[in-house]
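The file work_0.csv contains CSV, N, CA and C atoms:
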```
chain,number,residue,atom,x,y,z
U,12,MET,N,24.5,0.1,17.8
U,12,MET,CA,24.4,0.9,16.6
U,12,MET,C,24.1,0.0,15.4
U,13,ASP,N,23.4,0.5,14.4
U,13,ASP,CA,23.1,-0.3,13.3
U,13,ASP,C,24.1,0.0,12.2
U,14,SER,N,24.1,-0.8,11.1
U,14,SER,CA,25.1,-0.6,10.0
U,14,SER,C,24.9,0.7,9.2
U,15,PHE,N,23.8,1.4,9.3
U,15,PHE,CA,23.6,2.6,8.7
U,15,PHE,C,24.3,3.7,9.4
U,16,SER,N,24.3,3.6,10.8
U,16,SER,CA,25.0,4.7,11.6
U,16,SER,C,26.5,4.6,11.5
U,17,ASN,N,27.0,3.4,11.4
U,17,ASN,CA,28.4,3.2,11.3
U,17,ASN,C,28.8,2.1,10.3
U,18,PRO,N,28.9,2.5,9.0
U,18,PRO,CA,29.0,1.6,8.0
U,18,PRO,C,30.2,0.7,8.1
U,19,SER,N,31.3,1.1,8.8
U,19,SER,CA,32.5,0.3,8.9
U,19,SER,C,32.3,-0.9,9.8
U,20,SER,N,31.3,-0.8,10.7
U,20,SER,CA,31.2,-1.9,11.7
U,20,SER,C,30.2,-3.0,11.1
U,21,GLY,N,30.2,-4.2,11.6
U,21,GLY,CA,29.3,-5.2,11.2
U,21,GLY,C,29.8,-5.9,10.0
U,22,SER,N,28.8,-6.1,9.1
U,22,SER,CA,29.1,-6.9,7.9
U,22,SER,C,30.1,-6.2,7.0
U,23,SER,N,30.9,-7.1,6.3
U,23,SER,CA,31.9,-6.5,5.4
U,23,SER,C,31.2,-6.2,4.0
U,24,HIS,N,30.0,-6.6,3.8
U,24,HIS,CA,29.3,-6.4,2.6
U,24,HIS,C,28.6,-5.0,2.7
U,25,GLN,N,29.0,-4.1,1.7
U,25,GLN,CA,28.4,-2.8,1.7
U,25,GLN,C,27.5,-2.7,0.5
U,26,LEU,N,26.3,-2.1,0.7
U,26,LEU,CA,25.4,-1.9,-0.4
U,26,LEU,C,25.8,-0.7,-1.3
U,27,SER,N,25.7,-0.8,-2.6
U,27,SER,CA,25.9,0.3,-3.4
U,27,SER,C,24.7,1.3,-3.3
U,28,ALA,N,24.9,2.4,-3.8
U,28,ALA,CA,23.8,3.4,-3.7
U,28,ALA,C,22.6,2.9,-4.5
U,29,GLN,N,22.8,2.3,-5.6
U,29,GLN,CA,21.7,1.7,-6.4
U,29,GLN,C,21.0,0.6,-5.6
U,30,ASP,N,21.7,-0.3,-5.0
U,30,ASP,CA,21.1,-1.3,-4.2
U,30,ASP,C,20.3,-0.8,-3.0
U,31,LEU,N,20.8,0.3,-2.4
U,31,LEU,CA,20.1,0.9,-1.3
U,31,LEU,C,18.8,1.5,-1.8
U,32,ARG,N,18.9,2.2,-3.0
U,32,ARG,CA,17.7,2.8,-3.6
U,32,ARG,C,16.6,1.7,-3.9
U,33,ASN,N,17.1,0.6,-4.5
U,33,ASN,CA,16.2,-0.5,-4.8
U,33,ASN,C,15.5,-1.0,-3.5
U,34,GLN,N,16.3,-1.2,-2.5
U,34,GLN,CA,15.8,-1.8,-1.3
U,34,GLN,C,14.8,-0.8,-0.7
U,35,LEU,N,15.1,0.5,-0.7
U,35,LEU,CA,14.1,1.5,-0.2
U,35,LEU,C,12.8,1.5,-1.0
U,36,LYS,N,13.0,1.4,-2.3
U,36,LYS,CA,11.8,1.4,-3.2
U,36,LYS,C,10.9,0.2,-2.9
U,37,ASN,N,11.5,-1.0,-2.7
U,37,ASN,CA,10.8,-2.2,-2.3
U,37,ASN,C,10.1,-2.0,-1.0
U,38,GLN,N,10.8,-1.5,0.0
U,38,GLN,CA,10.1,-1.3,1.3
U,38,GLN,C,9.0,-0.3,1.2
U,39,LEU,N,9.1,0.8,0.5
U,39,LEU,CA,8.1,1.7,0.3
U,39,LEU,C,6.9,1.1,-0.4
U,40,ALA,N,7.1,0.3,-1.4
U,40,ALA,CA,6.0,-0.4,-2.1
U,40,ALA,C,5.3,-1.3,-1.2
U,41,ILE,N,6.0,-2.1,-0.4
U,41,ILE,CA,5.3,-3.0,0.6
U,41,ILE,C,4.5,-2.2,1.6
U,42,GLU,N,5.0,-1.1,2.1
U,42,GLU,CA,4.3,-0.2,3.0
U,42,GLU,C,3.1,0.4,2.4
U,43,TYR,N,3.2,0.8,1.1
U,43,TYR,CA,2.1,1.4,0.4
U,43,TYR,C,1.0,0.4,0.2
U,44,ALA,N,1.3,-0.9,-0.2
U,44,ALA,CA,0.4,-1.9,-0.4
U,44,ALA,C,-0.4,-2.2,0.9
U,45,GLN,N,0.4,-2.3,2.0
U,45,GLN,CA,-0.3,-2.6,3.3
U,45,GLN,C,-1.2,-1.5,3.7
U,46,GLN,N,-0.8,-0.2,3.6
U,46,GLN,CA,-1.7,0.9,3.9
U,46,GLN,C,-2.9,0.9,3.0
U,47,PHE,N,-2.7,0.6,1.7
U,47,PHE,CA,-3.8,0.6,0.7
U,47,PHE,C,-4.9,-0.5,1.2
U,48,LEU,N,-4.4,-1.7,1.4
U,48,LEU,CA,-5.3,-2.7,1.8
U,48,LEU,C,-6.0,-2.4,3.1
U,49,GLU,N,-5.3,-1.8,4.1
U,49,GLU,CA,-5.9,-1.5,5.3
U,49,GLU,C,-7.0,-0.4,5.1
U,50,THR,N,-6.7,0.6,4.4
U,50,THR,CA,-7.6,1.7,4.1
U,50,THR,C,-8.9,1.2,3.4
U,51,VAL,N,-8.6,0.5,2.3
U,51,VAL,CA,-9.8,0.0,1.5
U,51,VAL,C,-10.6,-1.0,2.3
U,52,GLY,N,-10.0,-1.8,3.1
U,52,GLY,CA,-10.7,-2.8,3.9
U,52,GLY,C,-11.6,-2.0,4.9
U,53,LYS,N,-11.0,-1.1,5.6
U,53,LYS,CA,-11.8,-0.3,6.6
U,53,LYS,C,-12.9,0.5,6.0
U,54,LYS,N,-12.6,1.2,5.0
U,54,LYS,CA,-13.6,2.1,4.4
U,54,LYS,C,-14.8,1.3,3.7
U,55,CYS,N,-14.4,0.2,3.0
U,55,CYS,CA,-15.4,-0.6,2.3
U,55,CYS,C,-16.2,-1.4,3.4
U,56,PHE,N,-15.6,-1.9,4.4
U,56,PHE,CA,-16.3,-2.6,5.4
U,56,PHE,C,-17.3,-1.7,6.1
U,57,GLU,N,-16.9,-0.5,6.5
U,57,GLU,CA,-17.8,0.5,7.1
U,57,GLU,C,-19.0,0.8,6.2
U,58,LYS,N,-18.7,1.0,5.0
U,58,LYS,CA,-19.8,1.4,4.0
U,58,LYS,C,-20.7,0.2,3.7
U,59,CYS,N,-20.2,-1.0,3.6
U,59,CYS,CA,-21.0,-2.1,3.1
U,59,CYS,C,-21.6,-3.1,4.1
U,60,VAL,N,-21.0,-3.2,5.2
U,60,VAL,CA,-21.4,-4.2,6.2
U,60,VAL,C,-22.2,-3.5,7.3
U,61,THR,N,-23.5,-3.6,7.3
U,61,THR,CA,-24.3,-2.8,8.2
U,61,THR,C,-24.6,-3.7,9.5
U,62,LYS,N,-24.6,-5.0,9.3
U,62,LYS,CA,-24.9,-5.9,10.5
U,62,LYS,C,-23.8,-7.0,10.5
U,63,PRO,N,-22.7,-6.7,11.2
U,63,PRO,CA,-21.7,-7.8,11.2
U,63,PRO,C,-22.2,-9.1,11.7
U,64,GLY,N,-21.8,-10.2,11.1
U,64,GLY,CA,-22.1,-11.5,11.5
U,64,GLY,C,-21.0,-12.5,11.1
U,65,SER,N,-21.4,-13.7,11.1
U,65,SER,CA,-20.3,-14.7,10.8
U,65,SER,C,-20.0,-14.9,9.3
U,66,SER,N,-20.8,-14.3,8.5
U,66,SER,CA,-20.6,-14.3,7.0
U,66,SER,C,-21.2,-13.1,6.4
U,67,LEU,N,-20.7,-12.8,5.1
U,67,LEU,CA,-21.3,-11.7,4.4
U,67,LEU,C,-22.5,-12.1,3.6
U,68,SER,N,-23.5,-11.2,3.5
U,68,SER,CA,-24.6,-11.5,2.6
U,68,SER,C,-24.2,-11.3,1.2
U,69,GLY,N,-25.0,-11.7,0.3
U,69,GLY,CA,-24.7,-11.4,-1.1
U,69,GLY,C,-24.6,-9.9,-1.4
U,70,ASN,N,-25.5,-9.1,-0.9
U,70,ASN,CA,-25.4,-7.7,-1.1
U,70,ASN,C,-24.2,-7.1,-0.5
U,71,GLU,N,-23.8,-7.5,0.7
U,71,GLU,CA,-22.6,-7.0,1.3
U,71,GLU,C,-21.3,-7.4,0.5
U,72,SER,N,-21.3,-8.6,0.0
U,72,SER,CA,-20.2,-9.1,-0.8
U,72,SER,C,-20.0,-8.3,-2.1
U,73,SER,N,-21.1,-8.1,-2.8
U,73,SER,CA,-21.1,-7.3,-4.0
U,73,SER,C,-20.7,-5.9,-3.8
U,74,CYS,N,-21.2,-5.3,-2.7
U,74,CYS,CA,-20.9,-3.9,-2.3
U,74,CYS,C,-19.4,-3.8,-2.0
U,75,ILE,N,-18.9,-4.7,-1.3
U,75,ILE,CA,-17.4,-4.6,-1.0
U,75,ILE,C,-16.6,-4.8,-2.3
U,76,SER,N,-17.0,-5.6,-3.2
U,76,SER,CA,-16.3,-5.8,-4.4
U,76,SER,C,-16.4,-4.5,-5.3
U,77,ARG,N,-17.5,-3.9,-5.4
U,77,ARG,CA,-17.7,-2.7,-6.1
U,77,ARG,C,-16.8,-1.5,-5.5
U,78,CYS,N,-16.9,-1.5,-4.1
U,78,CYS,CA,-16.1,-0.5,-3.4
U,78,CYS,C,-14.6,-0.6,-3.6
U,79,VAL,N,-14.1,-1.8,-3.6
U,79,VAL,CA,-12.7,-2.0,-3.8
U,79,VAL,C,-12.3,-1.7,-5.2
U,80,ASP,N,-13.2,-2.1,-6.2
U,80,ASP,CA,-12.9,-1.7,-7.6
U,80,ASP,C,-12.9,-0.2,-7.8
U,81,ARG,N,-13.8,0.5,-7.2
U,81,ARG,CA,-13.9,2.0,-7.3
U,81,ARG,C,-12.6,2.6,-6.7
U,82,TYR,N,-12.2,2.1,-5.5
U,82,TYR,CA,-11.1,2.6,-4.9
U,82,TYR,C,-9.8,2.4,-5.7
U,83,ILE,N,-9.7,1.3,-6.3
U,83,ILE,CA,-8.5,1.0,-7.1
U,83,ILE,C,-8.5,1.9,-8.4
U,84,GLU,N,-9.7,2.1,-9.0
U,84,GLU,CA,-9.9,2.9,-10.1
U,84,GLU,C,-9.5,4.4,-9.8
U,85,ALA,N,-10.0,4.9,-8.6
U,85,ALA,CA,-9.7,6.2,-8.2
U,85,ALA,C,-8.2,6.4,-7.9
U,86,THR,N,-7.6,5.4,-7.3
U,86,THR,CA,-6.2,5.5,-7.0
U,86,THR,C,-5.4,5.6,-8.3
U,87,GLY,N,-5.8,4.8,-9.3
U,87,GLY,CA,-5.1,4.8,-10.6
U,87,GLY,C,-5.2,6.2,-11.3
U,88,ILE,N,-6.4,6.8,-11.3
U,88,ILE,CA,-6.6,8.1,-11.9
U,88,ILE,C,-5.8,9.1,-11.2
U,89,ILE,N,-5.7,9.1,-9.9
U,89,ILE,CA,-4.9,10.1,-9.1
U,89,ILE,C,-3.4,9.9,-9.4
U,90,SER,N,-3.0,8.6,-9.5
U,90,SER,CA,-1.6,8.3,-9.8
U,90,SER,C,-1.2,8.8,-11.2
U,91,LYS,N,-2.1,8.6,-12.1
U,91,LYS,CA,-1.8,9.0,-13.5
U,91,LYS,C,-1.7,10.6,-13.5
U,92,ALA,N,-2.6,11.2,-12.9
U,92,ALA,CA,-2.6,12.7,-12.8
U,92,ALA,C,-1.3,13.2,-12.2
U,93,LEU,N,-0.9,12.6,-11.1
U,93,LEU,CA,0.3,13.1,-10.4
U,93,LEU,C,1.5,12.8,-11.2
U,94,PHE,N,1.7,11.7,-11.8
U,94,PHE,CA,2.9,11.3,-12.5
U,94,PHE,C,3.0,11.8,-13.9
U,95,SER,N,1.9,12.1,-14.5
U,95,SER,CA,1.9,12.6,-15.9
U,95,SER,C,2.2,14.1,-15.9
U,96,SER,N,2.0,14.8,-14.8
U,96,SER,CA,2.3,16.3,-14.7
U,96,SER,C,3.8,16.6,-14.5
U,97,GLN,N,4.6,15.6,-14.2
U,97,GLN,CA,6.0,15.8,-13.9
U,97,GLN,C,6.8,16.0,-15.1
```

In structure tokens, what does this structure look like?
Amino acid sequence: MDSFSNPSSGSSHQLSAQDLRNQLKNQLAIEYAQQFLETVGKKCFEKCVTKPGSSLSGNESSCISRCVDRYIEATGIISKALFSSQ
């Protein structure tokens, strides 16, 4: 069993509700960042790299840069819209 299932077992240190919330927020932020990078990398690679090789051409590199910039911009717009309506 883990310490979440049976809080009295294991470590004598117990997390406060705020500590637990902060820990969860941090984990969610890490997960979001990993998913974001994976999604952007996959989508931009598929769009910009037509002939995979050992290095990127100048056009591929600038295409990926623009793609990532647009994705970040779109994510920001969506986030603002979602959080400003609350």

Requested in this report: Would you please give, as a PyMOL selection string, all residues of chain U that DSSP assigns to helix (DSSP H, G or I) based on the backbone?
Outcome: chain U and resi 28-59+69-95

Query raised in the report: Which polymer residues have any atom within 12 Å of an atom of U:Thr50, counting only C-alpha atoms, with same-chain residues fewer than 5 positions away left out, as an NGL selection string?
Result: :U and (43-45 or 55-57 or 78-79 or 82-83 or 86)

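Atom N of U:Leu39 is found 29.1 Å from atom CA of U:Lys58.
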
Requested in this report: Can you work out which one of U:Ala28, U:Leu35, U:Lys53, U:Cys59 has the shortest atom-to-atom distance to U:Arg77, counting only C-alpha atoms?
Outcome: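 With only C-alpha atoms as the atom set, the closest residue is U:Cys59.
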
**Report entry** Nearest candidate to U:Ile75 (options U:Arg32, U:Gln46, U:Pro63, U:Lys54; using all atoms listed in the file)
**Finding:** U:Lys54

Could you pull stretch 37-92 of chain U out of the block above and give me C-alpha atoms, as a short mmCIF file (atom, residue, chain, number, x, y, z; two decimals), in the first residue's frame?
```
data_model
loop_
_atom_site.label_atom_id
_atom_site.label_comp_id
_atom_site.auth_asym_id
_atom_site.auth_seq_id
_atom_site.Cartn_x
_atom_site.Cartn_y
_atom_site.Cartn_z
CA ASN U 37 3.46 21.02 -9.95
CA GLN U 38 2.91 17.49 -11.27
CA LEU U 39 0.13 18.70 -13.56
CA ALA U 40 2.32 21.53 -14.86
CA ILE U 41 5.12 19.08 -15.66
CA GLU U 42 2.72 16.72 -17.40
CA TYR U 43 1.21 19.58 -19.40
CA ALA U 44 4.66 20.78 -20.49
CA GLN U 45 5.66 17.27 -21.59
CA GLN U 46 2.44 16.81 -23.58
CA PHE U 47 2.79 20.27 -25.10
CA LEU U 48 6.34 19.59 -26.28
CA GLU U 49 5.41 16.17 -27.61
CA THR U 50 2.39 17.51 -29.52
CA VAL U 51 4.21 20.53 -30.93
CA GLY U 52 7.21 18.43 -31.90
CA LYS U 53 5.13 15.82 -33.66
CA LYS U 54 2.81 18.22 -35.48
CA CYS U 55 5.54 20.64 -36.53
CA PHE U 56 7.85 17.83 -37.62
CA GLU U 57 5.11 16.26 -39.74
CA LYS U 58 4.29 19.60 -41.31
CA CYS U 59 7.80 20.90 -41.91
CA VAL U 60 10.13 17.96 -42.51
CA THR U 61 9.32 16.42 -45.86
CA LYS U 62 12.53 14.42 -46.34
CA PRO U 63 14.05 13.28 -43.04
CA GLY U 64 17.83 13.28 -43.05
CA SER U 65 20.76 13.76 -40.73
CA SER U 66 20.13 17.52 -40.40
CA LEU U 67 17.44 20.11 -41.06
CA SER U 68 17.55 22.37 -44.08
CA GLY U 69 17.20 26.11 -43.58
CA ASN U 70 13.61 26.01 -44.82
CA GLU U 71 12.73 23.13 -42.47
CA SER U 72 14.32 24.88 -39.52
CA SER U 73 12.49 28.16 -40.13
CA CYS U 74 9.22 26.28 -40.76
CA ILE U 75 9.57 24.46 -37.41
CA SER U 76 10.36 27.73 -35.66
CA ARG U 77 7.29 29.44 -37.13
CA CYS U 78 5.12 26.40 -36.36
CA VAL U 79 6.19 26.33 -32.72
CA ASP U 80 5.65 30.09 -32.41
CA ARG U 81 2.13 29.79 -33.85
CA TYR U 82 1.29 26.87 -31.59
CA ILE U 83 2.45 28.79 -28.52
CA GLU U 84 0.48 31.84 -29.63
CA ALA U 85 -2.67 29.78 -30.21
CA THR U 86 -2.31 28.07 -26.84
CA GLY U 87 -2.01 31.48 -25.17
CA ILE U 88 -5.13 32.79 -26.90
CA ILE U 89 -7.12 29.72 -25.93
CA SER U 90 -5.89 29.88 -22.32
CA LYS U 91 -6.83 33.56 -22.05
CA ALA U 92 -10.28 32.87 -23.44
#
```
